[in-house]
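What's in input01.pdb: PDB, C-alpha atoms
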```
ATOM      1  CA  MET A 910     231.583  41.153-103.647
ATOM      2  CA  GLU A 911     235.028  39.656-104.203
ATOM      3  CA  ILE A 912     236.007  36.848-101.908
ATOM      4  CA  ASN A 913     239.641  36.067-101.251
ATOM      5  CA  VAL A 914     240.293  32.678 -99.804
ATOM      6  CA  ASN A 915     243.458  32.476 -97.771
ATOM      7  CA  LEU A 916     245.132  29.092 -97.393
ATOM      8  CA  ASP A 917     246.541  30.148 -94.024
ATOM      9  CA  SER A 918     243.123  30.886 -92.573
ATOM     10  CA  ALA A 919     240.625  28.488 -91.103
ATOM     11  CA  TYR A 920     237.031  28.621 -92.344
ATOM     12  CA  ILE A 921     234.461  27.302 -89.953
ATOM     13  CA  PRO A 922     230.674  26.867 -90.172
ATOM     14  CA  SER A 923     228.818  30.037 -89.275
ATOM     15  CA  ASP A 924     226.610  30.142 -86.167
ATOM     16  CA  ASP A 925     223.820  31.176 -88.521
ATOM     17  CA  VAL A 926     223.377  27.725 -90.006
ATOM     18  CA  VAL A 927     222.081  24.420 -88.783
ATOM     19  CA  ALA A 928     223.768  21.461 -90.452
ATOM     20  CA  ARG A 929     222.483  17.966 -90.014
ATOM     21  CA  GLU A 930     223.373  14.713 -91.680
ATOM     22  CA  ILE A 931     220.163  13.075 -92.746
ATOM     23  CA  GLU A 932     219.837   9.959 -94.877
ATOM     24  CA  GLY A 933     223.435  10.178 -96.123
ATOM     25  CA  GLU A 934     223.348  13.837 -97.090
ATOM     26  CA  LEU A 935     224.397  16.868 -95.132
ATOM     27  CA  ILE A 936     221.560  19.369 -95.077
ATOM     28  CA  ILE A 937     222.377  22.959 -94.210
ATOM     29  CA  VAL A 938     219.650  25.393 -93.261
ATOM     30  CA  PRO A 939     220.663  29.061 -93.084
ATOM     31  CA  LEU A 940     219.013  30.792 -90.138
ATOM     32  CA  ALA A 941     218.145  34.020 -91.903
ATOM     33  CA  ALA A 942     216.711  36.619 -89.507
ATOM     34  CA  GLY A 943     216.791  34.105 -86.647
ATOM     35  CA  ILE A 944     214.455  31.662 -88.314
ATOM     36  CA  GLY A 945     214.954  28.381 -90.108
ATOM     37  CA  ASP A 946     213.024  28.683 -93.338
ATOM     38  CA  MET A 947     212.471  25.648 -95.539
ATOM     39  CA  GLU A 948     210.803  27.865 -98.106
ATOM     40  CA  ASP A 949     213.960  29.913 -98.434
ATOM     41  CA  GLU A 950     217.297  28.496 -99.523
ATOM     42  CA  LEU A 951     218.623  25.350 -97.968
ATOM     43  CA  PHE A 952     221.488  23.285 -99.189
ATOM     44  CA  THR A 953     222.635  19.722 -99.291
ATOM     45  CA  LEU A 954     226.206  18.577 -99.652
ATOM     46  CA  ASN A 955     227.068  15.236-101.160
ATOM     47  CA  GLU A 956     229.437  12.811 -99.457
ATOM     48  CA  THR A 957     232.564  14.594-100.640
ATOM     49  CA  GLY A 958     231.193  18.030 -99.814
ATOM     50  CA  SER A 959     230.397  16.675 -96.339
ATOM     51  CA  ALA A 960     233.995  15.437 -96.001
ATOM     52  CA  ILE A 961     235.270  18.972 -96.706
ATOM     53  CA  TRP A 962     232.713  20.434 -94.284
ATOM     54  CA  ASP A 963     233.749  17.980 -91.533
ATOM     55  CA  LEU A 964     237.411  18.923 -91.889
ATOM     56  CA  LEU A 965     236.606  22.640 -91.882
ATOM     57  CA  LYS A 966     234.811  22.131 -88.571
ATOM     58  CA  THR A 967     238.108  21.076 -86.983
ATOM     59  CA  GLN A 968     239.324  24.686 -87.407
ATOM     60  CA  LYS A 969     242.456  23.603 -89.284
ATOM     61  CA  LYS A 970     244.140  25.985 -91.701
ATOM     62  CA  LEU A 971     242.782  25.505 -95.206
ATOM     63  CA  ARG A 972     246.254  24.390 -96.315
ATOM     64  CA  ASN A 973     246.075  21.514 -93.806
ATOM     65  CA  VAL A 974     242.524  20.643 -94.818
ATOM     66  CA  ILE A 975     243.704  20.276 -98.413
ATOM     67  CA  GLU A 976     246.642  18.081 -97.362
ATOM     68  CA  GLN A 977     244.330  15.858 -95.364
ATOM     69  CA  LEU A 978     241.841  15.540 -98.222
ATOM     70  CA  SER A 979     244.638  14.819-100.663
ATOM     71  CA  GLU A 980     245.700  11.903 -98.468
ATOM     72  CA  ASP A 981     242.179  10.640 -97.861
ATOM     73  CA  PHE A 982     241.127  10.837-101.509
ATOM     74  CA  GLU A 983     244.527   9.858-102.925
ATOM     75  CA  ALA A 984     244.340  12.757-105.333
ATOM     76  CA  PRO A 985     246.894  15.449-106.267
ATOM     77  CA  ALA A 986     246.895  18.379-103.825
ATOM     78  CA  ASP A 987     246.671  20.994-106.606
ATOM     79  CA  GLU A 988     243.425  19.477-107.919
ATOM     80  CA  ILE A 989     242.006  19.242-104.434
ATOM     81  CA  GLU A 990     243.031  22.824-103.706
ATOM     82  CA  LYS A 991     241.042  24.116-106.692
ATOM     83  CA  ASP A 992     237.914  22.270-105.555
ATOM     84  CA  VAL A 993     238.246  23.208-101.904
ATOM     85  CA  ILE A 994     238.770  26.895-102.713
ATOM     86  CA  GLY A 995     235.708  26.804-104.983
ATOM     87  CA  PHE A 996     233.726  25.162-102.197
ATOM     88  CA  VAL A 997     234.845  27.669 -99.554
ATOM     89  CA  GLU A 998     234.100  30.597-101.895
ATOM     90  CA  GLU A 999     230.577  29.353-102.562
ATOM     91  CA  LEU A1000     229.823  28.899 -98.885
ATOM     92  CA  LEU A1001     231.419  32.193 -97.866
ATOM     93  CA  LYS A1002     229.260  33.983-100.445
ATOM     94  CA  ARG A1003     226.205  32.480 -98.822
ATOM     95  CA  GLY A1004     227.360  33.334 -95.301
ATOM     96  CA  MET A1005     227.565  29.675 -94.350
ATOM     97  CA  LEU A1006     231.241  29.816 -93.404
ATOM     98  CA  VAL A1007     233.248  32.420 -91.507
ATOM     99  CA  GLU A1008     236.955  33.062 -91.659
ATOM    100  CA  VAL A1009     239.050  32.572 -88.552
ATOM    101  CA  ALA A1010     242.418  34.257 -88.879
ATOM    102  CA  GLN A1011     245.344  32.103 -87.734
ATOM    103  CA  ASP A1012     248.496  33.321 -86.002
TER     104      ASP A1012
ATOM    105  CA  MET B1075     236.101   7.687 -97.354
ATOM    106  CA  PRO B1076     235.641   7.476-101.150
ATOM    107  CA  LYS B1077     238.830   7.367-103.188
ATOM    108  CA  THR B1078     237.654   9.866-105.768
ATOM    109  CA  LYS B1079     238.373  13.496-106.426
ATOM    110  CA  PRO B1080     236.326  15.479-103.880
ATOM    111  CA  ALA B1081     233.985  17.252-106.258
ATOM    112  CA  PHE B1082     231.120  18.699-104.277
ATOM    113  CA  SER B1083     227.583  19.567-105.114
ATOM    114  CA  ILE B1084     225.300  22.104-103.518
ATOM    115  CA  LYS B1085     221.583  21.798-104.092
ATOM    116  CA  ASN B1086     219.114  24.574-103.497
ATOM    117  CA  GLY B1087     215.918  24.171-101.497
ATOM    118  CA  ASP B1088     213.632  23.831-104.510
ATOM    119  CA  GLU B1089     215.638  20.793-105.682
ATOM    120  CA  ILE B1090     215.330  19.054-102.330
ATOM    121  CA  SER B1091     212.480  16.829-101.290
ATOM    122  CA  LEU B1092     212.747  15.945 -97.628
ATOM    123  CA  SER B1093     211.250  12.831 -96.136
ATOM    124  CA  ASP B1094     209.028  13.102 -93.102
ATOM    125  CA  SER B1095     211.807  11.899 -90.800
ATOM    126  CA  ALA B1096     214.341  14.328 -92.313
ATOM    127  CA  LEU B1097     211.922  17.211 -91.810
ATOM    128  CA  THR B1098     211.347  16.101 -88.204
ATOM    129  CA  GLU B1099     215.100  16.000 -87.539
ATOM    130  CA  LEU B1100     215.628  19.475 -88.961
ATOM    131  CA  LEU B1101     212.651  20.841 -87.054
ATOM    132  CA  ARG B1102     213.984  19.317 -83.853
ATOM    133  CA  SER B1103     217.521  20.728 -84.360
ATOM    134  CA  ILE B1104     216.326  24.248 -85.085
ATOM    135  CA  LEU B1105     213.803  24.340 -82.234
ATOM    136  CA  LYS B1106     216.533  23.042 -79.923
ATOM    137  CA  ARG B1107     218.494  26.198 -80.728
ATOM    138  CA  GLY B1108     215.501  28.212 -79.526
ATOM    139  CA  LEU B1109     214.586  29.354 -83.039
ATOM    140  CA  PRO B1110     211.367  29.026 -84.998
ATOM    141  CA  PHE B1111     211.154  26.937 -88.157
ATOM    142  CA  LYS B1112     209.039  27.562 -91.241
ATOM    143  CA  PHE B1113     207.956  24.805 -93.572
ATOM    144  CA  CYS B1114     205.211  23.858 -95.976
ATOM    145  CA  ALA B1115     202.206  22.033 -94.507
ATOM    146  CA  LYS B1116     200.894  18.906 -96.178
ATOM    147  CA  GLY B1117     197.513  17.200 -96.085
ATOM    148  CA  THR B1118     193.996  18.251 -95.196
ATOM    149  CA  SER B1119     193.662  17.220 -91.555
ATOM    150  CA  MET B1120     193.651  20.834 -90.304
ATOM    151  CA  HIS B1121     191.474  22.232 -93.069
ATOM    152  CA  PRO B1122     190.305  24.999 -93.269
ATOM    153  CA  PHE B1123     192.626  26.655 -90.711
ATOM    154  CA  ILE B1124     195.768  25.117 -92.180
ATOM    155  CA  ARG B1125     195.666  23.922 -95.774
ATOM    156  CA  GLY B1126     198.128  21.848 -97.765
ATOM    157  CA  GLY B1127     200.648  24.291 -99.221
ATOM    158  CA  ASP B1128     200.349  26.835 -96.392
ATOM    159  CA  VAL B1129     203.670  27.822 -94.871
ATOM    160  CA  ILE B1130     203.547  27.337 -91.125
ATOM    161  CA  THR B1131     205.931  28.662 -88.486
ATOM    162  CA  VAL B1132     206.571  26.348 -85.563
ATOM    163  CA  SER B1133     208.140  28.014 -82.515
ATOM    164  CA  PRO B1134     210.006  26.374 -79.646
ATOM    165  CA  LEU B1135     208.321  25.808 -76.310
ATOM    166  CA  ILE B1136     210.659  28.076 -74.366
ATOM    167  CA  ASP B1137     208.895  29.138 -71.163
ATOM    168  CA  LYS B1138     205.637  28.069 -72.750
ATOM    169  CA  THR B1139     203.372  25.208 -71.856
ATOM    170  CA  PRO B1140     201.027  24.500 -74.717
ATOM    171  CA  GLY B1141     197.377  24.778 -73.804
ATOM    172  CA  ILE B1142     193.949  23.941 -75.133
ATOM    173  CA  GLY B1143     193.396  25.381 -78.590
ATOM    174  CA  ASN B1144     197.102  25.583 -79.483
ATOM    175  CA  VAL B1145     198.142  23.910 -82.703
ATOM    176  CA  VAL B1146     201.264  21.878 -81.993
ATOM    177  CA  ALA B1147     203.852  19.949 -83.977
ATOM    178  CA  PHE B1148     204.554  16.545 -82.481
ATOM    179  CA  THR B1149     205.723  13.092 -83.372
ATOM    180  CA  HIS B1150     203.148  10.385 -82.838
ATOM    181  CA  PRO B1151     204.378   7.816 -80.270
ATOM    182  CA  LYS B1152     202.978   4.921 -82.331
ATOM    183  CA  ASN B1153     204.648   5.614 -85.685
ATOM    184  CA  ASN B1154     206.998   8.590 -85.113
ATOM    185  CA  LYS B1155     205.124  10.493 -87.824
ATOM    186  CA  LEU B1156     205.367  14.282 -87.697
ATOM    187  CA  MET B1157     201.928  15.809 -87.178
ATOM    188  CA  VAL B1158     200.573  19.313 -86.743
ATOM    189  CA  HIS B1159     197.221  19.144 -84.931
ATOM    190  CA  ARG B1160     195.236  20.972 -82.262
ATOM    191  CA  ILE B1161     195.173  20.329 -78.506
ATOM    192  CA  TYR B1162     191.613  19.888 -77.266
ATOM    193  CA  GLY B1163     192.229  18.468 -73.809
ATOM    194  CA  LYS B1164     194.805  17.656 -71.151
ATOM    195  CA  THR B1165     195.165  14.593 -68.945
ATOM    196  CA  PRO B1166     197.892  13.703 -66.408
ATOM    197  CA  LYS B1167     199.429  11.425 -69.072
ATOM    198  CA  GLY B1168     199.579  14.033 -71.815
ATOM    199  CA  TYR B1169     197.627  16.071 -74.307
ATOM    200  CA  LYS B1170     194.508  15.093 -76.210
ATOM    201  CA  ILE B1171     195.173  16.120 -79.776
ATOM    202  CA  LYS B1172     193.203  15.921 -82.983
ATOM    203  CA  GLY B1173     193.123  17.359 -86.484
ATOM    204  CA  ASP B1174     190.328  19.915 -86.934
ATOM    205  CA  ASN B1175     189.140  18.157 -90.082
ATOM    206  CA  ILE B1176     189.195  14.554 -88.913
ATOM    207  CA  THR B1177     186.882  12.671 -86.644
ATOM    208  CA  VAL B1178     189.441  10.363 -85.033
ATOM    209  CA  SER B1179     191.597  11.664 -82.188
ATOM    210  CA  ASP B1180     195.362  11.172 -82.226
ATOM    211  CA  GLY B1181     194.969   9.816 -78.687
ATOM    212  CA  ILE B1182     196.940  11.006 -75.693
ATOM    213  CA  ILE B1183     200.311  12.419 -76.634
ATOM    214  CA  PRO B1184     202.853  12.632 -73.760
ATOM    215  CA  ASP B1185     204.449  16.071 -73.237
ATOM    216  CA  ASP B1186     207.872  14.828 -74.440
ATOM    217  CA  TYR B1187     206.524  14.220 -77.929
ATOM    218  CA  ILE B1188     205.464  17.842 -78.439
ATOM    219  CA  LEU B1189     208.146  19.631 -80.464
ATOM    220  CA  GLY B1190     206.749  23.141 -80.766
ATOM    221  CA  TYR B1191     203.622  25.136 -81.438
ATOM    222  CA  VAL B1192     202.343  26.930 -84.520
ATOM    223  CA  THR B1193     202.744  30.698 -84.298
ATOM    224  CA  GLY B1194     202.179  31.685 -87.903
ATOM    225  CA  ILE B1195     200.407  30.586 -91.066
ATOM    226  CA  GLU B1196     201.016  32.070 -94.508
ATOM    227  CA  ARG B1197     198.793  31.401 -97.476
ATOM    228  CA  ASN B1198     199.685  32.843-100.878
ATOM    229  CA  ALA B1199     202.269  35.050 -99.129
ATOM    230  CA  LYS B1200     199.614  36.508 -96.811
ATOM    231  CA  SER B1201     199.571  35.990 -93.085
ATOM    232  CA  ILE B1202     196.520  34.099 -91.793
ATOM    233  CA  SER B1203     195.632  34.406 -88.139
ATOM    234  CA  LEU B1204     192.333  32.520 -88.026
ATOM    235  CA  GLY B1205     192.593  29.538 -85.739
ATOM    236  CA  LEU B1206     195.530  30.822 -83.692
ATOM    237  CA  GLY B1207     193.870  33.696 -81.794
ATOM    238  CA  LEU B1208     191.283  33.544 -79.023
ATOM    239  CA  GLU B1209     188.913  31.666 -81.334
ATOM    240  CA  ARG B1210     191.210  28.670 -80.818
ATOM    241  CA  TYR B1211     189.391  27.862 -77.558
ATOM    242  CA  LEU B1212     186.080  27.757 -79.401
ATOM    243  CA  ILE B1213     187.567  25.658 -82.194
ATOM    244  CA  ALA B1214     189.032  23.237 -79.630
ATOM    245  CA  PHE B1215     185.630  23.019 -77.938
ATOM    246  CA  PHE B1216     183.817  22.238 -81.189
ATOM    247  CA  THR B1217     186.609  19.883 -82.273
ATOM    248  CA  ARG B1218     186.265  17.949 -79.008
ATOM    249  CA  LYS B1219     182.532  17.663 -79.499
ATOM    250  CA  GLY B1220     183.001  16.755 -83.166
ATOM    251  CA  ARG B1221     180.836  19.685 -84.135
ATOM    252  CA  LEU B1222     183.370  21.935 -85.817
ATOM    253  CA  TYR B1223     181.908  21.480 -89.260
ATOM    254  CA  ARG B1224     178.304  21.478 -88.140
ATOM    255  CA  LEU B1225     178.347  24.598 -85.964
ATOM    256  CA  PHE B1226     181.529  26.644 -85.991
ATOM    257  CA  LEU B1227     182.297  26.774 -89.697
ATOM    258  CA  PRO B1228     178.835  27.744 -90.994
ATOM    259  CA  THR B1229     178.744  30.509 -88.372
ATOM    260  CA  TRP B1230     182.225  31.662 -89.333
ATOM    261  CA  ARG B1231     181.368  31.689 -93.044
ATOM    262  CA  LEU B1232     178.242  33.728 -92.328
ATOM    263  CA  ILE B1233     180.347  36.296 -90.426
ATOM    264  CA  GLN B1234     182.836  36.449 -93.324
ATOM    265  CA  PHE B1235     179.981  36.832 -95.838
ATOM    266  CA  ILE B1236     178.502  39.742 -93.880
ATOM    267  CA  LYS B1237     181.954  41.344 -93.516
ATOM    268  CA  ASN B1238     182.503  41.081 -97.295
ATOM    269  CA  ILE B1239     179.128  42.690 -98.042
ATOM    270  CA  ILE B1240     180.015  45.573 -95.712
ATOM    271  CA  ARG B1241     183.408  45.926 -97.397
ATOM    272  CA  TRP B1242     181.870  46.016-100.920
ATOM    273  CA  ARG B1243     179.576  48.821 -99.905
TER     274      ARG B1243
END
```
Taking this structure as input, can you express it in the form of structure tokens?
Amino acid sequence: MEINVNLDSAYIPSDDVVAREIEGELIIVPLAAGIGDMEDELFTLNETGSAIWDLLKTQKKLRNVIEQLSEDFEAPADEIEKDVIGFVEELLKRGMLVEVAQD
Amino acid sequence: MPKTKPAFSIKNGDEISLSDSALTELLRSILKRGLPFKFCAKGTSMHPFIRGGDVITVSPLIDKTPGIGNVVAFTHPKNNKLMVHRIYGKTPKGYKIKGDNITVSDGIIPDDYILGYVTGIERNAKSISLGLGLERYLIAFFTRKGRLYRLFLPTWRLIQFIKNIIRWR
């Protein structure tokens, strides 16, 4: 399945995940079939992944998330954009994010 | 905020080893959403009904008051340790809880410390129901008397032995 990430959309955490910061890592448990299953897939994000996740939660357009990260990390926006799009694609594939169309 | 390029990493479940407190936090968050949580049991305190490596499902206590014989997940008030043991009695101050395979009781655990109750056990990808059905009352009775191994288990093994002989024929 091809995933197109749109910079003018917001991508927010799906209702079908539980995310919890534990011991410095963000742990995300997908709630497949209405059950949290440790024996199935679960994911951890490192500190930078968590920073992206936290900004996505604010429901900002992806373009604005990238700008914010570029400022926070003092890194060129084009580099950040590549990473953030890769991140969003990965999580969309796994159903951990959902797209919210913006006006 | 680190001043580095925001490379991210995603680890899969089999690469993650959760501490006891991390597991408790996750269990608590998922049960709070009214959903059950499945995870791998550790230790031998509930042997033979739950063995280390079994996958247990803990369900939230929505409209359910745990009763005698139920196996519950709780944090121990003394050390906050996550435990999965059986209720064998009730007092006004809380539940009397104990592992089926240990002689020492966990003491009285106040209601607030009970997180959820075990509704499923899987061993080698097969569902195991022994210990969660009506026999749980009997197990709780023998557990309370400290006679589980002396009386209940030999009887149970004899029943299983006879059932196997009938099946082979």
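Relative to CA of Gly1143 in chain B, CA of Asp1094 in chain B is found at 24.6 Å.
Relative to CA of Gly1194 in chain B, CA of Arg1160 in chain B is found at 14.0 Å.
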Task: For CA of Ile1239 in chain B and CA of Thr1193 in chain B, the interatomic separation in Å (one decimal) - done: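 Result for CA of Ile1239 in chain B versus CA of Thr1193 in chain B: 29.8 Å, one decimal.
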TODO: Can you turn the PyMOL selection byres ((chain B and resi 1207) around 12) into a concrete residue list for this file, as a list in words?
DONE: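 With the shown file as input, the PyMOL selection byres ((chain B and resi 1207) around 12) matches Phe1123, Ile1142, Gly1143, Asn1144, Val1145, Val1192, Thr1193, Gly1194, Ile1195, Ile1202, Ser1203, Leu1204, Gly1205, Leu1206, Leu1208, Glu1209, Arg1210, Tyr1211, Leu1212, Ile1213 and Ala1214 of chain B.
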Task: For Thr1131 in chain B, the nearest of the candidates B:Ser1201, B:Thr1217, B:Thr1229, B:Gln1234, counting all atoms listed in the file - done: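 Looking only at the distances to Thr1131 in chain B, the closest residue turns out to be B:Ser1201.
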- [ ] Evaluate the PyMOL selection byres ((chain A) within 8 of (chain B)) here and jot the selected residues down as a PyMOL selection string.
- [x] chain A and resi 927+929+931-932+943-958+978+981-984+988-989+992+996
With the input short on atoms, add N, CA, C and O atoms back to range 1156-1170 of chain B and write it as a PDB file, keeping the file's coordinate frame.
```pdb
ATOM      1  N   LEU B1156     205.505  12.873 -88.074  1.00  0.00           N
ATOM      2  CA  LEU B1156     205.367  14.282 -87.697  1.00  0.00           C
ATOM      3  C   LEU B1156     203.939  14.744 -87.992  1.00  0.00           C
ATOM      4  O   LEU B1156     203.432  14.536 -89.096  1.00  0.00           O
ATOM      5  N   MET B1157     203.299  15.340 -86.997  1.00  0.00           N
ATOM      6  CA  MET B1157     201.928  15.809 -87.178  1.00  0.00           C
ATOM      7  C   MET B1157     201.792  17.222 -86.653  1.00  0.00           C
ATOM      8  O   MET B1157     202.521  17.622 -85.740  1.00  0.00           O
ATOM      9  N   VAL B1158     200.856  17.955 -87.221  1.00  0.00           N
ATOM     10  CA  VAL B1158     200.573  19.313 -86.743  1.00  0.00           C
ATOM     11  C   VAL B1158     199.059  19.380 -86.518  1.00  0.00           C
ATOM     12  O   VAL B1158     198.291  19.486 -87.466  1.00  0.00           O
ATOM     13  N   HIS B1159     198.649  19.195 -85.271  1.00  0.00           N
ATOM     14  CA  HIS B1159     197.221  19.144 -84.931  1.00  0.00           C
ATOM     15  C   HIS B1159     196.946  19.991 -83.688  1.00  0.00           C
ATOM     16  O   HIS B1159     197.864  20.511 -83.059  1.00  0.00           O
ATOM     17  N   ARG B1160     195.656  20.076 -83.348  1.00  0.00           N
ATOM     18  CA  ARG B1160     195.236  20.972 -82.262  1.00  0.00           C
ATOM     19  C   ARG B1160     195.003  20.230 -80.931  1.00  0.00           C
ATOM     20  O   ARG B1160     194.429  19.144 -80.919  1.00  0.00           O
ATOM     21  N   ILE B1161     195.427  20.871 -79.848  1.00  0.00           N
ATOM     22  CA  ILE B1161     195.173  20.329 -78.506  1.00  0.00           C
ATOM     23  C   ILE B1161     193.722  20.639 -78.128  1.00  0.00           C
ATOM     24  O   ILE B1161     193.284  21.786 -78.240  1.00  0.00           O
ATOM     25  N   TYR B1162     192.992  19.614 -77.702  1.00  0.00           N
ATOM     26  CA  TYR B1162     191.613  19.888 -77.266  1.00  0.00           C
ATOM     27  C   TYR B1162     191.374  19.417 -75.831  1.00  0.00           C
ATOM     28  O   TYR B1162     190.282  19.573 -75.290  1.00  0.00           O
ATOM     29  N   GLY B1163     192.412  18.899 -75.196  1.00  0.00           N
ATOM     30  CA  GLY B1163     192.229  18.468 -73.809  1.00  0.00           C
ATOM     31  C   GLY B1163     193.565  18.109 -73.178  1.00  0.00           C
ATOM     32  O   GLY B1163     194.579  17.981 -73.865  1.00  0.00           O
ATOM     33  N   LYS B1164     193.553  17.997 -71.854  1.00  0.00           N
ATOM     34  CA  LYS B1164     194.805  17.656 -71.151  1.00  0.00           C
ATOM     35  C   LYS B1164     194.480  16.614 -70.100  1.00  0.00           C
ATOM     36  O   LYS B1164     193.448  16.710 -69.415  1.00  0.00           O
ATOM     37  N   THR B1165     195.316  15.610 -69.987  1.00  0.00           N
ATOM     38  CA  THR B1165     195.165  14.593 -68.945  1.00  0.00           C
ATOM     39  C   THR B1165     196.526  14.499 -68.226  1.00  0.00           C
ATOM     40  O   THR B1165     197.515  15.004 -68.747  1.00  0.00           O
ATOM     41  N   PRO B1166     196.589  13.834 -67.080  1.00  0.00           N
ATOM     42  CA  PRO B1166     197.892  13.703 -66.408  1.00  0.00           C
ATOM     43  C   PRO B1166     198.939  12.996 -67.278  1.00  0.00           C
ATOM     44  O   PRO B1166     200.129  13.185 -67.117  1.00  0.00           O
ATOM     45  N   LYS B1167     198.477  12.180 -68.236  1.00  0.00           N
ATOM     46  CA  LYS B1167     199.429  11.425 -69.072  1.00  0.00           C
ATOM     47  C   LYS B1167     199.876  12.193 -70.310  1.00  0.00           C
ATOM     48  O   LYS B1167     200.804  11.786 -70.991  1.00  0.00           O
ATOM     49  N   GLY B1168     199.194  13.270 -70.619  1.00  0.00           N
ATOM     50  CA  GLY B1168     199.579  14.033 -71.815  1.00  0.00           C
ATOM     51  C   GLY B1168     198.414  14.806 -72.402  1.00  0.00           C
ATOM     52  O   GLY B1168     197.374  14.984 -71.764  1.00  0.00           O
ATOM     53  N   TYR B1169     198.634  15.237 -73.636  1.00  0.00           N
ATOM     54  CA  TYR B1169     197.627  16.071 -74.307  1.00  0.00           C
ATOM     55  C   TYR B1169     196.695  15.236 -75.184  1.00  0.00           C
ATOM     56  O   TYR B1169     197.135  14.276 -75.814  1.00  0.00           O
ATOM     57  N   LYS B1170     195.442  15.692 -75.249  1.00  0.00           N
ATOM     58  CA  LYS B1170     194.508  15.093 -76.210  1.00  0.00           C
ATOM     59  C   LYS B1170     194.596  15.964 -77.455  1.00  0.00           C
ATOM     60  O   LYS B1170     194.393  17.191 -77.379  1.00  0.00           O
TER      61      LYS B1170
END
```
